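Undergrad: The structure is given below, and queries will be raised subsequently.
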Amino acid sequence: MFIQTESTPNPATLKFLPGLTVLEMGTADFPTPDTAVKSPLARRIFAVNGITGVFFGTDFVTVTKADDIAWEHVKPAILGAIMEHFQSGAPVLEGEGAPAGGHAAHDGADGEIVNQIKELLDTRVRPAVAQDGGDITFHGFDRGVVYLHMQGACAGCPSSTLTLKMGIENLLRHYIPEVIEVRPVAV
């Protein structure tokens, strides 16, 4: 098994490409070791000292490390954990249910606007941020303000504010006049 790695715009995050399907659909975010209870793969990666976050896409694993840890000290152990997991035959996620990682539901008068926002996120934004090892999902819409949840490499990335304001906000405001501003939320 050969696992490729790619850097991301977030220097604390590295993208691992095992050459296999990680998740059939959706994404799964594990911002702390406590959230990894249903994922044998995430638990293995969190067992490496200094790991602060794990995120799964369809064909990649994004790992975030503590700032005081050097990649050259943890990268071999992460590669080993990923390789051991896939060779073990254990599932990536245990239990019933699909991975989360989707948009939040929205009930209310702005349903048509929210559907347009989600469509633009799915077609224009999410594919681009997935290439950087992350995901951005819809969290809410209230009085012209779109609330988005940033995951994986996008969470804590130094350029995430620029991406939100100059990229996503401009895109949404261009196509949907009702959008005034875009803000990140922590979930």
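Chain lettering (A, B, ...) mirrors the order of the structure tokens, residue numbering begins at 1 for each chain separately, and ligand numbering begins at 1 in order of display.
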Applying 8 Å and only C-alpha atoms, which residues near range 126-142 of chain A remain after dropping the ones on its own chain fewer than 2 positions away? List them as a PDB file with N, CA and C atoms, in the first residue's frame.
TA:
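Okay, this is what ended up in selection_18.pdb:
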```
ATOM      1  N   SER A   7       0.356  18.731   1.062  1.00  0.00           N
ATOM      2  CA  SER A   7       0.233  19.828   2.010  1.00  0.00           C
ATOM      3  C   SER A   7      -1.099  20.528   1.769  1.00  0.00           C
ATOM      4  N   THR A   8      -1.549  21.281   2.747  1.00  0.00           N
ATOM      5  CA  THR A   8      -2.790  22.048   2.650  1.00  0.00           C
ATOM      6  C   THR A   8      -2.452  23.510   2.952  1.00  0.00           C
ATOM      7  N   PRO A   9      -3.365  24.422   2.703  1.00  0.00           N
ATOM      8  CA  PRO A   9      -3.096  25.820   3.062  1.00  0.00           C
ATOM      9  C   PRO A   9      -2.891  26.022   4.566  1.00  0.00           C
ATOM     10  N   LEU A  14      -2.158  18.097   7.290  1.00  0.00           N
ATOM     11  CA  LEU A  14      -1.616  17.365   6.151  1.00  0.00           C
ATOM     12  C   LEU A  14      -2.699  16.421   5.624  1.00  0.00           C
ATOM     13  N   LYS A  15      -2.758  16.279   4.306  1.00  0.00           N
ATOM     14  CA  LYS A  15      -3.754  15.426   3.657  1.00  0.00           C
ATOM     15  C   LYS A  15      -3.078  14.118   3.257  1.00  0.00           C
ATOM     16  N   THR A  27     -18.677  13.264   4.609  1.00  0.00           N
ATOM     17  CA  THR A  27     -17.440  13.494   5.337  1.00  0.00           C
ATOM     18  C   THR A  27     -17.657  13.134   6.795  1.00  0.00           C
ATOM     19  N   PHE A  55     -10.042  14.226   9.959  1.00  0.00           N
ATOM     20  CA  PHE A  55     -11.177  14.483   9.085  1.00  0.00           C
ATOM     21  C   PHE A  55     -11.114  13.499   7.925  1.00  0.00           C
ATOM     22  N   GLY A  57     -12.655  12.372   4.089  1.00  0.00           N
ATOM     23  CA  GLY A  57     -13.414  12.639   2.881  1.00  0.00           C
ATOM     24  C   GLY A  57     -13.612  11.315   2.169  1.00  0.00           C
ATOM     25  N   PHE A  60      -9.711  10.619   1.113  1.00  0.00           N
ATOM     26  CA  PHE A  60      -8.577  11.176   1.847  1.00  0.00           C
ATOM     27  C   PHE A  60      -8.833  11.232   3.343  1.00  0.00           C
ATOM     28  N   VAL A  61      -7.732  11.343   4.084  1.00  0.00           N
ATOM     29  CA  VAL A  61      -7.742  11.549   5.525  1.00  0.00           C
ATOM     30  C   VAL A  61      -6.917  12.807   5.773  1.00  0.00           C
ATOM     31  N   THR A  62      -7.491  13.773   6.469  1.00  0.00           N
ATOM     32  CA  THR A  62      -6.773  14.984   6.814  1.00  0.00           C
ATOM     33  C   THR A  62      -6.460  14.931   8.301  1.00  0.00           C
ATOM     34  N   GLY A 101     -21.502  15.423   8.222  1.00  0.00           N
ATOM     35  CA  GLY A 101     -20.836  16.166   7.169  1.00  0.00           C
ATOM     36  C   GLY A 101     -21.728  16.832   6.155  1.00  0.00           C
ATOM     37  N   GLY A 102     -23.040  16.751   6.341  1.00  0.00           N
ATOM     38  CA  GLY A 102     -23.918  17.410   5.395  1.00  0.00           C
ATOM     39  C   GLY A 102     -24.331  18.783   5.899  1.00  0.00           C
ATOM     40  N   HIS A 103     -25.170  19.419   5.118  1.00  0.00           N
ATOM     41  CA  HIS A 103     -25.678  20.726   5.495  1.00  0.00           C
ATOM     42  C   HIS A 103     -26.730  20.579   6.589  1.00  0.00           C
ATOM     43  N   ALA A 104     -26.834  21.595   7.423  1.00  0.00           N
ATOM     44  CA  ALA A 104     -27.879  21.630   8.434  1.00  0.00           C
ATOM     45  C   ALA A 104     -29.232  21.842   7.741  1.00  0.00           C
ATOM     46  N   ALA A 105     -30.266  21.273   8.324  1.00  0.00           N
ATOM     47  CA  ALA A 105     -31.617  21.478   7.786  1.00  0.00           C
ATOM     48  C   ALA A 105     -32.052  22.906   8.091  1.00  0.00           C
ATOM     49  N   HIS A 106     -32.942  23.412   7.268  1.00  0.00           N
ATOM     50  CA  HIS A 106     -33.451  24.772   7.485  1.00  0.00           C
ATOM     51  C   HIS A 106     -34.943  24.784   7.220  1.00  0.00           C
ATOM     52  N   ASP A 110     -37.230  31.388   4.452  1.00  0.00           N
ATOM     53  CA  ASP A 110     -36.137  31.585   3.497  1.00  0.00           C
ATOM     54  C   ASP A 110     -35.718  30.289   2.798  1.00  0.00           C
ATOM     55  N   VAL A 114     -32.124  29.467   0.971  1.00  0.00           N
ATOM     56  CA  VAL A 114     -31.234  28.465   1.572  1.00  0.00           C
ATOM     57  C   VAL A 114     -30.905  27.375   0.559  1.00  0.00           C
ATOM     58  N   ILE A 117     -28.270  28.718  -1.666  1.00  0.00           N
ATOM     59  CA  ILE A 117     -26.982  28.763  -0.957  1.00  0.00           C
ATOM     60  C   ILE A 117     -26.345  27.376  -0.951  1.00  0.00           C
ATOM     61  N   LYS A 118     -27.131  26.364  -0.579  1.00  0.00           N
ATOM     62  CA  LYS A 118     -26.608  24.989  -0.521  1.00  0.00           C
ATOM     63  C   LYS A 118     -26.148  24.514  -1.895  1.00  0.00           C
ATOM     64  N   LEU A 121     -22.836  26.138  -2.655  1.00  0.00           N
ATOM     65  CA  LEU A 121     -21.792  25.519  -1.833  1.00  0.00           C
ATOM     66  C   LEU A 121     -21.398  24.155  -2.399  1.00  0.00           C
ATOM     67  N   ASP A 122     -22.403  23.352  -2.767  1.00  0.00           N
ATOM     68  CA  ASP A 122     -22.130  22.002  -3.273  1.00  0.00           C
ATOM     69  C   ASP A 122     -21.431  21.997  -4.626  1.00  0.00           C
ATOM     70  N   THR A 123     -21.769  22.944  -5.502  1.00  0.00           N
ATOM     71  CA  THR A 123     -21.214  22.916  -6.854  1.00  0.00           C
ATOM     72  C   THR A 123     -19.949  23.744  -7.013  1.00  0.00           C
ATOM     73  N   ARG A 124     -19.804  24.827  -6.251  1.00  0.00           N
ATOM     74  CA  ARG A 124     -18.678  25.739  -6.454  1.00  0.00           C
ATOM     75  C   ARG A 124     -17.657  25.743  -5.332  1.00  0.00           C
ATOM     76  N   GLY A 144     -30.006  37.783   6.294  1.00  0.00           N
ATOM     77  CA  GLY A 144     -28.961  38.095   5.327  1.00  0.00           C
ATOM     78  C   GLY A 144     -27.592  37.544   5.656  1.00  0.00           C
ATOM     79  N   VAL A 145     -27.437  36.937   6.828  1.00  0.00           N
ATOM     80  CA  VAL A 145     -26.142  36.400   7.241  1.00  0.00           C
ATOM     81  C   VAL A 145     -26.154  34.877   7.074  1.00  0.00           C
ATOM     82  N   VAL A 146     -25.160  34.364   6.329  1.00  0.00           N
ATOM     83  CA  VAL A 146     -24.998  32.921   6.127  1.00  0.00           C
ATOM     84  C   VAL A 146     -23.957  32.437   7.127  1.00  0.00           C
ATOM     85  N   TYR A 147     -24.302  31.397   7.879  1.00  0.00           N
ATOM     86  CA  TYR A 147     -23.384  30.804   8.854  1.00  0.00           C
ATOM     87  C   TYR A 147     -22.888  29.474   8.297  1.00  0.00           C
ATOM     88  N   LEU A 148     -21.564  29.343   8.217  1.00  0.00           N
ATOM     89  CA  LEU A 148     -20.945  28.149   7.652  1.00  0.00           C
ATOM     90  C   LEU A 148     -20.051  27.476   8.677  1.00  0.00           C
ATOM     91  N   HIS A 149     -19.994  26.154   8.607  1.00  0.00           N
ATOM     92  CA  HIS A 149     -19.146  25.361   9.495  1.00  0.00           C
ATOM     93  C   HIS A 149     -17.940  24.859   8.702  1.00  0.00           C
ATOM     94  N   MET A 150     -16.745  25.184   9.185  1.00  0.00           N
ATOM     95  CA  MET A 150     -15.514  24.789   8.500  1.00  0.00           C
ATOM     96  C   MET A 150     -14.924  23.569   9.199  1.00  0.00           C
ATOM     97  N   GLN A 151     -14.516  22.566   8.400  1.00  0.00           N
ATOM     98  CA  GLN A 151     -14.022  21.303   8.940  1.00  0.00           C
ATOM     99  C   GLN A 151     -12.716  20.912   8.282  1.00  0.00           C
ATOM    100  N   GLY A 152     -12.010  19.969   8.921  1.00  0.00           N
ATOM    101  CA  GLY A 152     -10.760  19.457   8.364  1.00  0.00           C
ATOM    102  C   GLY A 152      -9.714  20.544   8.274  1.00  0.00           C
ATOM    103  N   ALA A 153      -9.037  20.625   7.140  1.00  0.00           N
ATOM    104  CA  ALA A 153      -7.966  21.602   6.958  1.00  0.00           C
ATOM    105  C   ALA A 153      -8.486  23.032   7.035  1.00  0.00           C
ATOM    106  N   CYS A 154      -9.780  23.227   6.775  1.00  0.00           N
ATOM    107  CA  CYS A 154     -10.349  24.584   6.804  1.00  0.00           C
ATOM    108  C   CYS A 154     -10.487  25.125   8.222  1.00  0.00           C
ATOM    109  N   ALA A 155     -10.701  24.239   9.179  1.00  0.00           N
ATOM    110  CA  ALA A 155     -10.854  24.678  10.565  1.00  0.00           C
ATOM    111  C   ALA A 155      -9.493  25.133  11.085  1.00  0.00           C
ATOM    112  N   VAL A 185     -19.011  29.427  12.037  1.00  0.00           N
ATOM    113  CA  VAL A 185     -19.516  29.003  13.338  1.00  0.00           C
ATOM    114  C   VAL A 185     -18.720  27.813  13.817  1.00  0.00           C
TER     115      VAL A 185
END
```
Undergrad: Within 8 Å of range 158-166 of chain A, counting only C-alpha atoms, which residues qualify if same-chain residues fewer than 2 places away don't, as number ranges by chain?
TA: A: 9-10, 154-156, 168-170, 182-184
Undergrad: Find the residues near Asp34 in chain A: any atom within 12 Å, counting only C-alpha atoms, skip ones fewer than 6 places away on the same chain, and give them as a ChimeraX atom specification.
TA: /A:42-43,46-47,52-54
Undergrad: What does the distance from CA of Ser88 in chain A to CA of Lys65 in chain A come to in Å, to one decimal?
TA: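 We find that CA of Ser88 in chain A and CA of Lys65 in chain A lie 24.5 Å from each other.
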Undergrad: Counting only C-alpha atoms, figure out which residue out of A:Ala36, A:Ile3, A:Leu20, A:Ala28 gets nearest to Ile78 in chain A.
TA: A:Ile3
Undergrad: Between CA of Ile82 in chain A and CA of Asn49 in chain A, what distance in Å does the model show, to one decimal?
TA: 14.8 Å
Undergrad: Quote the spacing between CA of Glu6 in chain A and CA of Leu93 in chain A in Å to one decimal place.
TA: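 CA of Leu93 in chain A lies 23.5 Å from CA of Glu6 in chain A.
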Undergrad: Taking 3 positions as the minimum chain separation for residues in the same chain, which residues sit within 10 Å of Pro91 in chain A when counting only C-alpha atoms? Answer as a list in words.
TA: Val22, Leu23, Lys38, Ser39, Pro40, Leu41, His85, Phe86, Ser88, Glu94 and Gly95 of chain A
Undergrad: Could you save the residues just selected, with all heavy atoms, as a tab-separated table (two decimals), in the first residue's frame?
TA:
```
chain	number	residue	atom	x	y	z
A	22	VAL	N	-12.14	6.01	1.47
A	22	VAL	CA	-12.18	6.18	2.91
A	22	VAL	C	-13.63	6.18	3.37
A	22	VAL	O	-14.01	5.41	4.24
A	22	VAL	CB	-11.45	7.48	3.34
A	22	VAL	CG1	-11.56	7.69	4.84
A	22	VAL	CG2	-9.99	7.44	2.90
A	23	LEU	N	-14.47	7.03	2.77
A	23	LEU	CA	-15.91	7.04	3.03
A	23	LEU	C	-16.64	6.93	1.70
A	23	LEU	O	-16.26	7.58	0.75
A	23	LEU	CB	-16.34	8.35	3.71
A	23	LEU	CG	-15.90	8.59	5.14
A	23	LEU	CD1	-16.39	9.96	5.61
A	23	LEU	CD2	-16.41	7.51	6.07
A	38	LYS	N	-16.56	6.25	17.47
A	38	LYS	CA	-17.13	5.32	16.48
A	38	LYS	C	-16.24	5.09	15.27
A	38	LYS	O	-16.68	4.51	14.29
A	38	LYS	CB	-18.50	5.83	16.02
A	38	LYS	CG	-19.56	5.75	17.09
A	38	LYS	CD	-20.92	6.02	16.55
A	38	LYS	CE	-21.96	5.78	17.64
A	38	LYS	NZ	-23.30	5.73	17.13
A	39	SER	N	-14.97	5.52	15.35
A	39	SER	CA	-14.08	5.32	14.21
A	39	SER	C	-12.77	4.69	14.64
A	39	SER	O	-11.90	5.34	15.21
A	39	SER	CB	-13.80	6.65	13.52
A	39	SER	OG	-12.82	6.45	12.52
A	40	PRO	N	-12.60	3.40	14.31
A	40	PRO	CA	-11.32	2.76	14.61
A	40	PRO	C	-10.13	3.46	13.95
A	40	PRO	O	-9.06	3.57	14.55
A	40	PRO	CB	-11.50	1.34	14.05
A	40	PRO	CG	-12.97	1.12	13.98
A	40	PRO	CD	-13.57	2.47	13.73
A	41	LEU	N	-10.32	3.97	12.73
A	41	LEU	CA	-9.23	4.66	12.04
A	41	LEU	C	-8.87	5.96	12.75
A	41	LEU	O	-7.70	6.24	13.00
A	41	LEU	CB	-9.59	4.92	10.57
A	41	LEU	CG	-8.58	5.73	9.76
A	41	LEU	CD1	-7.19	5.10	9.79
A	41	LEU	CD2	-9.06	5.89	8.32
A	85	HIS	N	-4.59	0.18	9.65
A	85	HIS	CA	-6.04	0.15	9.67
A	85	HIS	C	-6.59	-0.53	8.41
A	85	HIS	O	-7.43	-1.42	8.49
A	85	HIS	CB	-6.64	1.55	9.80
A	85	HIS	CG	-8.13	1.51	9.67
A	85	HIS	ND1	-8.94	1.15	10.71
A	85	HIS	CD2	-8.95	1.68	8.59
A	85	HIS	CE1	-10.20	1.12	10.28
A	85	HIS	NE2	-10.22	1.45	9.00
A	86	PHE	N	-6.14	-0.08	7.25
A	86	PHE	CA	-6.70	-0.64	6.01
A	86	PHE	C	-6.30	-2.09	5.81
A	86	PHE	O	-7.05	-2.87	5.23
A	86	PHE	CB	-6.33	0.24	4.80
A	86	PHE	CG	-7.18	1.48	4.71
A	86	PHE	CD1	-6.67	2.72	5.05
A	86	PHE	CD2	-8.51	1.40	4.32
A	86	PHE	CE1	-7.46	3.85	5.00
A	86	PHE	CE2	-9.31	2.53	4.26
A	86	PHE	CZ	-8.79	3.76	4.60
A	88	SER	N	-6.03	-4.18	8.28
A	88	SER	CA	-6.77	-4.95	9.28
A	88	SER	C	-8.15	-5.37	8.81
A	88	SER	O	-8.73	-6.31	9.32
A	88	SER	CB	-6.91	-4.13	10.57
A	88	SER	OG	-7.92	-3.13	10.42
A	94	GLU	N	-17.82	2.64	12.75
A	94	GLU	CA	-18.60	1.54	13.31
A	94	GLU	C	-20.03	1.99	13.54
A	94	GLU	O	-20.29	3.17	13.75
A	94	GLU	CB	-18.01	1.11	14.66
A	94	GLU	CG	-16.61	0.55	14.54
A	94	GLU	CD	-15.98	0.32	15.91
A	94	GLU	OE1	-16.29	1.08	16.86
A	94	GLU	OE2	-15.17	-0.60	16.01
A	95	GLY	N	-20.95	1.04	13.53
A	95	GLY	CA	-22.33	1.35	13.87
A	95	GLY	C	-23.15	1.77	12.67
A	95	GLY	O	-22.69	1.83	11.54
```
Undergrad: Can you pull out every residue from range 14-184 of chain A that DSSP, working from the backbone, puts in helix (DSSP H, G or I), and format the result as JSON, numbers by chain?
TA: {"A": [33, 34, 35, 36, 40, 41, 42, 43, 44, 45, 46, 71, 72, 73, 74, 75, 76, 77, 78, 79, 80, 81, 82, 83, 84, 85, 86, 87, 88, 111, 112, 113, 114, 115, 116, 117, 118, 119, 120, 121, 122, 123, 124, 125, 126, 127, 128, 129, 130, 131, 160, 161, 162, 163, 164, 165, 166, 167, 168, 169, 170, 171, 172, 173, 174, 175]}
Undergrad: Quick check for you: according to DSSP on this backbone, which residues of range 22-124 of chain A are classed as strand (DSSP E)? Reply as a PDB file with C-alpha atoms, in the first residue's frame.
TA:
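Okay, this is what ended up in part_4.pdb:
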```pdb
ATOM      1  CA  ALA A  28     -16.663  12.772   8.970  1.00  0.00           C
ATOM      2  CA  ASP A  29     -15.038  15.284  11.301  1.00  0.00           C
ATOM      3  CA  PHE A  30     -13.280  14.368  14.549  1.00  0.00           C
ATOM      4  CA  ILE A  51      -2.582  14.865  16.893  1.00  0.00           C
ATOM      5  CA  THR A  52      -5.400  17.353  17.482  1.00  0.00           C
ATOM      6  CA  GLY A  53      -7.888  16.603  14.683  1.00  0.00           C
ATOM      7  CA  VAL A  54      -8.863  14.000  12.073  1.00  0.00           C
ATOM      8  CA  PHE A  55     -11.177  14.483   9.085  1.00  0.00           C
ATOM      9  CA  PHE A  56     -12.328  11.949   6.449  1.00  0.00           C
ATOM     10  CA  VAL A  61      -7.742  11.549   5.525  1.00  0.00           C
ATOM     11  CA  THR A  62      -6.773  14.984   6.814  1.00  0.00           C
ATOM     12  CA  VAL A  63      -4.765  15.122  10.035  1.00  0.00           C
ATOM     13  CA  THR A  64      -4.112  18.197  12.168  1.00  0.00           C
ATOM     14  CA  LYS A  65      -1.210  18.314  14.621  1.00  0.00           C
TER      15      LYS A  65
END
```
